[in-house]
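One file, structure-v6.tsv, carrying TSV, C-alpha atoms and all ligand atoms:
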```tsv
chain	number	residue	atom	x	y	z
A	518	MET	CA	-115.36	-43.97	-41.86
A	519	ALA	CA	-115.54	-41.84	-44.97
A	520	ILE	CA	-113.09	-39.01	-45.55
A	521	LEU	CA	-114.78	-35.75	-44.53
A	522	ILE	CA	-114.53	-33.04	-47.19
A	523	LYS	CA	-114.28	-29.48	-45.85
A	524	THR	CA	-115.95	-26.48	-47.49
A	525	PRO	CA	-113.88	-23.38	-48.25
A	526	ALA	CA	-115.52	-21.72	-45.21
A	527	GLU	CA	-114.41	-24.62	-43.00
A	528	ILE	CA	-110.89	-24.49	-44.43
A	529	ALA	CA	-110.82	-20.77	-43.63
A	530	LYS	CA	-111.62	-21.64	-40.00
A	531	MET	CA	-108.94	-24.33	-39.98
A	532	ARG	CA	-106.47	-21.75	-41.29
A	533	ILE	CA	-107.21	-19.59	-38.26
A	534	SER	CA	-106.54	-22.58	-36.02
A	535	GLY	CA	-103.35	-23.32	-37.96
A	536	ILE	CA	-102.04	-19.76	-37.71
A	537	ALA	CA	-102.61	-19.80	-33.94
A	538	LEU	CA	-100.70	-23.08	-33.69
A	539	ARG	CA	-97.82	-21.57	-35.66
A	540	GLN	CA	-97.77	-18.70	-33.18
A	541	VAL	CA	-97.41	-21.24	-30.37
A	542	HIS	CA	-94.45	-22.88	-32.13
A	543	ASP	CA	-92.91	-19.46	-32.83
A	544	ALA	CA	-93.25	-18.54	-29.15
A	545	LEU	CA	-91.44	-21.75	-28.15
A	546	ALA	CA	-88.55	-21.60	-30.63
A	547	PRO	CA	-86.37	-19.04	-28.76
A	548	HIS	CA	-86.72	-21.12	-25.58
A	549	VAL	CA	-85.28	-24.29	-27.09
A	550	VAL	CA	-81.89	-23.77	-25.48
A	551	VAL	CA	-79.43	-25.67	-23.31
A	552	GLY	CA	-80.67	-25.57	-19.70
A	553	ALA	CA	-84.39	-25.26	-20.45
A	554	SER	CA	-86.60	-28.09	-19.22
A	555	THR	CA	-89.38	-29.56	-21.30
A	556	MET	CA	-91.79	-28.41	-18.58
A	557	ASP	CA	-90.57	-24.82	-19.15
A	558	LEU	CA	-91.64	-25.24	-22.78
A	559	GLU	CA	-94.99	-26.73	-21.75
A	560	GLU	CA	-95.69	-23.71	-19.52
A	561	ILE	CA	-94.86	-21.27	-22.31
A	562	ALA	CA	-97.15	-23.18	-24.68
A	563	VAL	CA	-100.03	-23.31	-22.20
A	564	ALA	CA	-99.78	-19.54	-21.64
A	565	LYS	CA	-99.60	-18.78	-25.37
A	566	ILE	CA	-102.55	-21.08	-26.19
A	567	ALA	CA	-104.65	-19.27	-23.56
A	568	GLU	CA	-103.55	-15.85	-24.84
A	569	LEU	CA	-104.69	-16.84	-28.34
A	570	GLY	CA	-108.10	-17.95	-27.09
A	571	ALA	CA	-107.38	-21.50	-28.24
A	572	LYS	CA	-107.64	-24.86	-26.49
A	573	ALA	CA	-104.86	-27.44	-26.22
A	574	ALA	CA	-105.82	-30.43	-28.35
A	575	PHE	CA	-103.59	-33.09	-26.80
A	576	LYS	CA	-104.28	-32.50	-23.09
A	577	GLY	CA	-106.81	-35.10	-21.94
A	578	TYR	CA	-106.69	-36.97	-25.25
A	579	HIS	CA	-106.90	-40.63	-24.12
A	580	GLY	CA	-105.59	-39.33	-20.80
A	581	TYR	CA	-102.52	-37.57	-22.23
A	582	PRO	CA	-101.37	-35.10	-19.53
A	583	SER	CA	-99.92	-32.16	-21.50
A	584	ALA	CA	-100.40	-29.62	-24.27
A	585	LEU	CA	-97.10	-30.60	-25.89
A	586	CYS	CA	-95.30	-33.74	-26.81
A	587	THR	CA	-91.58	-33.15	-26.22
A	588	SER	CA	-89.50	-36.05	-27.52
A	589	ILE	CA	-85.73	-36.00	-27.03
A	590	ASN	CA	-83.07	-37.94	-28.97
A	591	GLU	CA	-84.16	-41.61	-29.25
A	592	GLU	CA	-87.69	-40.64	-28.27
A	593	VAL	CA	-89.74	-40.68	-31.48
A	594	VAL	CA	-93.08	-39.18	-30.41
A	595	HIS	CA	-95.31	-38.65	-27.35
A	596	GLY	CA	-92.55	-37.75	-24.89
A	597	MET	CA	-94.16	-35.98	-21.92
A	598	PRO	CA	-92.95	-32.61	-20.61
A	599	ASN	CA	-91.06	-33.03	-17.34
A	600	ALA	CA	-89.36	-30.45	-15.09
A	601	LYS	CA	-86.46	-32.87	-14.56
A	602	ARG	CA	-85.84	-33.24	-18.28
A	603	VAL	CA	-83.32	-30.48	-19.06
A	604	LEU	CA	-82.03	-29.88	-22.58
A	605	LYS	CA	-78.31	-30.34	-23.14
A	606	ASP	CA	-75.94	-29.54	-25.96
A	607	GLY	CA	-76.32	-31.94	-28.88
A	608	ASP	CA	-79.87	-33.01	-28.01
A	609	VAL	CA	-82.53	-33.35	-30.67
A	610	LEU	CA	-85.94	-32.12	-29.49
A	611	SER	CA	-89.21	-32.66	-31.28
A	612	ILE	CA	-92.09	-30.44	-30.19
A	613	ASP	CA	-95.54	-31.55	-31.30
A	614	CYS	CA	-98.61	-29.45	-30.51
A	615	GLY	CA	-102.25	-29.28	-31.49
A	616	VAL	CA	-104.87	-26.60	-30.82
A	617	ILE	CA	-108.60	-26.16	-31.28
A	618	ILE	CA	-110.25	-22.88	-32.29
A	619	ASP	CA	-113.95	-22.57	-33.12
A	620	GLY	CA	-114.22	-26.37	-33.12
A	621	PHE	CA	-111.39	-26.96	-35.62
A	622	TYR	CA	-108.15	-28.77	-34.86
A	623	SER	CA	-104.69	-28.11	-36.21
A	624	ASP	CA	-101.62	-30.24	-35.58
A	625	ALA	CA	-97.94	-29.46	-36.23
A	626	ALA	CA	-94.51	-30.61	-35.11
A	627	VAL	CA	-90.96	-29.30	-35.45
A	628	THR	CA	-87.64	-30.90	-34.52
A	629	TYR	CA	-84.76	-28.76	-33.26
A	630	ALA	CA	-81.09	-29.39	-32.71
A	631	VAL	CA	-80.22	-28.02	-29.26
A	632	GLY	CA	-76.90	-26.18	-29.31
A	633	THR	CA	-74.46	-27.87	-31.68
A	634	ALA	CA	-75.67	-30.64	-33.97
A	635	SER	CA	-73.47	-33.47	-35.26
A	636	ALA	CA	-73.34	-33.81	-39.05
A	637	GLN	CA	-75.51	-36.94	-38.82
A	638	THR	CA	-78.09	-35.14	-36.67
A	639	GLN	CA	-78.21	-32.18	-39.06
A	640	LYS	CA	-78.70	-34.53	-41.99
A	641	LEU	CA	-81.52	-36.32	-40.15
A	642	LEU	CA	-83.32	-33.02	-39.53
A	643	ASP	CA	-82.70	-31.68	-43.05
A	644	VAL	CA	-83.87	-34.84	-44.83
A	645	THR	CA	-86.95	-35.32	-42.62
A	646	LYS	CA	-88.01	-31.71	-43.12
A	647	ALA	CA	-87.35	-31.89	-46.88
A	648	SER	CA	-89.43	-35.08	-47.07
A	649	LEU	CA	-92.37	-33.27	-45.46
A	650	GLU	CA	-92.05	-30.39	-47.94
A	651	ALA	CA	-91.88	-32.83	-50.88
A	652	ALA	CA	-94.87	-34.74	-49.50
A	653	ILE	CA	-96.86	-31.49	-49.26
A	654	GLU	CA	-96.19	-30.92	-52.99
A	655	GLN	CA	-97.96	-34.25	-53.64
A	656	CYS	CA	-101.20	-32.85	-52.19
A	657	GLN	CA	-102.79	-32.23	-55.59
A	658	VAL	CA	-106.35	-32.89	-56.69
A	659	GLY	CA	-106.35	-36.09	-58.73
A	660	GLY	CA	-103.22	-37.47	-57.10
A	661	ARG	CA	-103.22	-40.52	-54.86
A	662	LEU	CA	-102.84	-40.76	-51.11
A	663	PHE	CA	-99.81	-43.02	-51.25
A	664	ASP	CA	-97.97	-40.57	-53.54
A	665	ILE	CA	-97.56	-38.62	-50.28
A	666	SER	CA	-96.42	-41.73	-48.41
A	667	ALA	CA	-94.01	-42.94	-51.09
A	668	THR	CA	-92.39	-39.52	-51.37
A	669	VAL	CA	-91.46	-39.54	-47.68
A	670	GLN	CA	-90.31	-43.16	-47.77
A	671	GLU	CA	-88.18	-42.78	-50.89
A	672	MET	CA	-86.37	-39.63	-49.71
A	673	CYS	CA	-85.70	-40.86	-46.20
A	674	GLU	CA	-84.67	-44.40	-47.09
A	675	ALA	CA	-82.38	-43.08	-49.86
A	676	ALA	CA	-80.59	-41.13	-47.11
A	677	GLY	CA	-80.16	-44.36	-45.11
A	678	PHE	CA	-82.80	-43.58	-42.48
A	679	GLY	CA	-85.53	-45.76	-40.98
A	680	VAL	CA	-89.18	-44.85	-41.63
A	681	VAL	CA	-91.41	-45.48	-38.60
A	682	ARG	CA	-94.39	-47.71	-39.44
A	683	GLU	CA	-96.34	-47.78	-36.15
A	684	PHE	CA	-97.40	-44.11	-36.20
A	685	VAL	CA	-98.95	-42.34	-39.17
A	686	GLY	CA	-100.43	-39.03	-40.27
A	687	HIS	CA	-104.17	-38.55	-40.47
A	688	GLY	CA	-107.14	-36.60	-41.67
A	689	ILE	CA	-108.02	-33.71	-39.35
A	690	GLY	CA	-110.94	-31.32	-38.90
A	691	ARG	CA	-113.56	-31.24	-36.15
A	692	SER	CA	-111.65	-34.20	-34.67
A	693	MET	CA	-107.88	-34.52	-34.29
A	694	HIS	CA	-107.86	-37.87	-36.04
A	695	GLU	CA	-110.11	-38.47	-39.03
A	696	ASP	CA	-109.79	-40.80	-41.98
A	697	PRO	CA	-107.66	-41.41	-43.91
A	698	GLN	CA	-104.51	-42.64	-42.21
A	699	VAL	CA	-101.48	-41.11	-43.93
A	700	PRO	CA	-98.57	-43.56	-43.64
A	701	ASN	CA	-95.00	-42.47	-44.34
A	702	PHE	CA	-94.48	-45.52	-46.54
A	703	GLY	CA	-96.43	-46.88	-49.49
A	704	THR	CA	-96.66	-47.38	-53.23
A	705	ARG	CA	-96.82	-44.41	-55.58
A	706	GLY	CA	-100.00	-44.37	-57.69
A	707	LYS	CA	-101.99	-46.31	-55.04
A	708	GLY	CA	-104.38	-45.27	-52.31
A	709	GLN	CA	-107.44	-43.04	-52.37
A	710	ARG	CA	-107.74	-40.32	-54.95
A	711	LEU	CA	-107.02	-36.88	-53.45
A	712	LYS	CA	-109.94	-34.46	-53.60
A	713	ALA	CA	-110.34	-30.73	-52.99
A	714	GLY	CA	-111.45	-30.19	-49.40
A	715	MET	CA	-109.46	-33.01	-47.83
A	716	VAL	CA	-107.33	-31.83	-44.91
A	717	LEU	CA	-104.39	-34.00	-43.86
A	718	ALA	CA	-101.86	-33.90	-41.03
A	719	ILE	CA	-98.69	-35.16	-42.72
A	720	GLU	CA	-96.01	-36.17	-40.23
A	721	PRO	CA	-92.86	-38.07	-41.17
A	722	MET	CA	-91.29	-39.77	-38.13
A	723	ILE	CA	-87.79	-40.78	-39.21
A	724	ASN	CA	-85.02	-42.59	-37.33
A	725	ALA	CA	-81.29	-42.19	-37.95
A	726	GLY	CA	-81.06	-45.99	-37.59
A	727	GLY	CA	-83.60	-48.76	-38.04
A	728	PRO	CA	-87.36	-48.18	-38.31
A	729	GLU	CA	-88.38	-50.19	-35.22
A	730	VAL	CA	-89.89	-48.47	-32.20
A	731	LYS	CA	-91.36	-49.51	-28.86
A	732	VAL	CA	-93.51	-47.71	-26.27
A	733	LEU	CA	-92.02	-47.27	-22.79
A	734	LYS	CA	-93.76	-48.42	-19.58
A	735	ASP	CA	-95.19	-44.92	-19.09
A	736	GLY	CA	-97.65	-45.95	-21.82
A	737	TRP	CA	-96.83	-43.00	-24.08
A	738	THR	CA	-93.19	-42.37	-24.93
A	739	ALA	CA	-92.21	-44.12	-28.17
A	740	VAL	CA	-88.47	-44.74	-28.58
A	741	THR	CA	-86.26	-46.28	-31.24
A	742	ILE	CA	-85.30	-49.89	-30.45
A	743	ASP	CA	-81.67	-49.29	-31.46
A	744	GLY	CA	-81.31	-46.02	-29.52
A	745	SER	CA	-80.77	-43.99	-32.68
A	746	TYR	CA	-82.02	-40.41	-32.77
A	747	SER	CA	-85.37	-39.64	-34.35
A	748	ALA	CA	-86.91	-36.59	-36.06
A	749	HIS	CA	-90.53	-35.54	-36.57
A	750	PHE	CA	-91.94	-32.70	-38.65
A	751	GLU	CA	-95.67	-32.16	-39.20
A	752	HIS	CA	-97.97	-29.75	-40.99
A	753	THR	CA	-101.75	-29.61	-41.38
A	754	VAL	CA	-102.40	-29.29	-45.12
A	755	ALA	CA	-105.60	-28.60	-47.07
A	756	ILE	CA	-105.92	-29.91	-50.62
A	757	THR	CA	-107.47	-27.23	-52.85
A	758	LYS	CA	-108.06	-26.89	-56.57
A	759	ASP	CA	-105.15	-24.42	-56.54
A	760	GLY	CA	-102.82	-26.94	-54.89
A	761	PRO	CA	-101.71	-27.59	-51.32
A	762	LEU	CA	-102.53	-24.97	-48.68
A	763	VAL	CA	-100.33	-25.39	-45.61
A	764	LEU	CA	-102.62	-24.29	-42.76
A	765	THR	CA	-99.90	-24.39	-40.08
A	766	ARG	CA	-97.35	-22.25	-41.93
A	801	LIG	N1	-99.39	-35.33	-33.69
A	801	LIG	C1	-99.82	-36.43	-32.86
A	801	LIG	C2	-100.92	-37.17	-33.56
A	801	LIG	O1	-101.30	-36.78	-34.57
A	801	LIG	C3	-100.16	-35.94	-31.54
A	801	LIG	C4	-101.09	-36.74	-30.68
A	801	LIG	S1	-100.39	-36.95	-29.20
A	801	LIG	C5	-101.54	-37.06	-28.00
A	801	LIG	O2	-101.41	-38.17	-33.14
A	801	LIG	F1	-100.93	-36.79	-26.95
A	801	LIG	F2	-102.49	-36.22	-28.19
A	801	LIG	F3	-102.02	-38.25	-28.00
A	802	CO	CO	-100.68	-35.56	-35.96
```

Please lay out the structure from this file as structure tokens.
Ligand code: MF3
Ligand code: CO
Amino acid sequence: MAILIKTPAEIAKMRISGIALRQVHDALAPHVVVGASTMDLEEIAVAKIAELGAKAAFKGYHGYPSALCTSINEEVVHGMPNAKRVLKDGDVLSIDCGVIIDGFYSDAAVTYAVGTASAQTQKLLDVTKASLEAAIEQCQVGGRLFDISATVQEMCEAAGFGVVREFVGHGIGRSMHEDPQVPNFGTRGKGQRLKAGMVLAIEPMINAGGPEVKVLKDGWTAVTIDGSYSAHFEHTVAITKDGPLVLTR
């Protein structure tokens, strides 16, 4: 399928969706504490999404049961909120959420250290987040898609981390997943030319150990094969003639 180019009016609508999603993440942040369950976070998100007049994008997507993905420690992505899953000191929690407003999707993820973080955990979070920010800077008209990918790969591998291959970022708009796929690995200078009006969900998924992952028997939860911790940060970003516009900031 061709990459769908958004008009400035459509990007303005996506910005409204993105701001609402940021408000959901901001509502969750103070509740990421030792003793909270991931279902507590789900309930806060569901209430906030309703208050904002938005719709949860993930719930019902290919049968996914929740508004959030809450992935702890060796869980990479698509962990499901669960009242029995209680956060403890030293955990790493990724919260991924998507919303729809006026027909437009936004998608964003943040990873938190719960309580005290080990030096290795803090480095994993810092490098993954920095790789997303550097990748966003690559969202320039005339650049190439894999400039984004290579930026993430180079920064994270230089730090000794494993770059997940099985899950990738994506175009986003009136659907959650549009073309193109946005891998977190690739060759600088290759890939499609970036054009004004493209909107991309960029989402490095980075493991403290090796890059390999597997999906658990629940059909959703992806975990690292070696049990190492994993981090995930995501923004929805519009490419404009004036540079990258982060819709979920
Ligand atoms: N950020 C993820 C993605 O882009 C979230 C989808 S999870 C699902 O694919 F639950 F909706 F499937
Ligand atoms: Co996404």

Please return as a PyMOL selection string the residues found within 9 Å of ligand CO 802 (chain A), counting only C-alpha atoms and all ligand atoms.
chain A and resi 613-615+623-626+685-689+693-694+717-720+751-753

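Each of A:Gly760, A:Gly607, A:Gly727, A:Gly632 was checked against Glu654 in chain A using all atoms listed in the file; the smallest atom-to-atom distance is that of A:Gly760.
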
Kindly provide, as lines of an AutoDock Vina configuration file, the centre and edge lengths (Å, one decimal) of an axis-aligned box around all atoms of ligand LIG 801 (chain A) given in the file, with 4 Å on each side.
```
center_x = -100.9
center_y = -36.8
center_z = -30.8
size_x = 11.1
size_y = 10.9
size_z = 15.6
```

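Nearest to Asp696 in chain A of all the residues A:Gly726, A:Gly570, A:Leu662, A:Ala529 is A:Leu662, counting only C-alpha atoms.
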
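Minimum distance to ligand LIG 801 (chain A) across A:Ile520, A:Val616, A:Ala553, A:Met531 (counting all atoms listed in the file) occurs at A:Val616.
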
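Proximity to ligand LIG 801 (chain A) was assessed for A:Thr757, A:Ser635, A:Asn590, A:Ser583 counting only C-alpha atoms and all ligand atoms; the smallest distance is recorded for A:Ser583.
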
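Residue nearest ligand LIG 801 (chain A), chosen from A:Ile533, A:Ala584, A:Ala562, A:Ala675 and counting only C-alpha atoms and all ligand atoms: A:Ala584.
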
- request: For range 735-744 of chain A, work out the shell of residues within 10 Å, counting only C-alpha atoms and skipping chain neighbours fewer than 5 positions away, then give it as a ChimeraX atom specification.
  value: /A:581,586-597,679,681,683-684,723-730

Requested in this report: Find the spatial neighbours of range 539-551 of chain A, counting all atoms listed in the file, within a cut-off of 8 Å - ignore same-chain residues fewer than 2 positions away - and output them as number ranges by chain.
Outcome: A: 535-537, 553, 558, 561-562, 565-566, 603-606, 614, 625, 629, 631-632, 765-766

Contacts of Val658 in chain A at 8 Å (only C-alpha atoms; same-chain gap of 3+ positions) as a list in words: Arg710, Leu711, Lys712, Ala713, Ile756, Thr757, Lys758 and Gly760 of chain A

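The space separating CA of Val563 in chain A from CA of Gly580 in chain A comes to 17.0 Å.
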
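Closest approach to ligand LIG 801 (chain A) among A:Met518, A:Leu610, A:Ala573, A:Ala636: A:Ala573, based on only C-alpha atoms and all ligand atoms.
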
### Neighbour list for Val627 in chain A as JSON, numbers by chain, cut-off 6 Å, all atoms listed in the file, skip fewer than 2 positions in-chain
{"A": [611, 612, 750]}

Contacts of Ala667 in chain A at 12 Å (only C-alpha atoms; same-chain gap of 4+ positions) as a PyMOL selection string: chain A and resi 648-649+651-653+655+661-663+671-675+680+699-708+721

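The coordinates place atom N1 of ligand LIG 801 (chain A) at 16.2 Å from CA of Ala755 in chain A.
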
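Put simply, CA of Gly660 in chain A is 11.5 Å away from CA of Pro761 in chain A.
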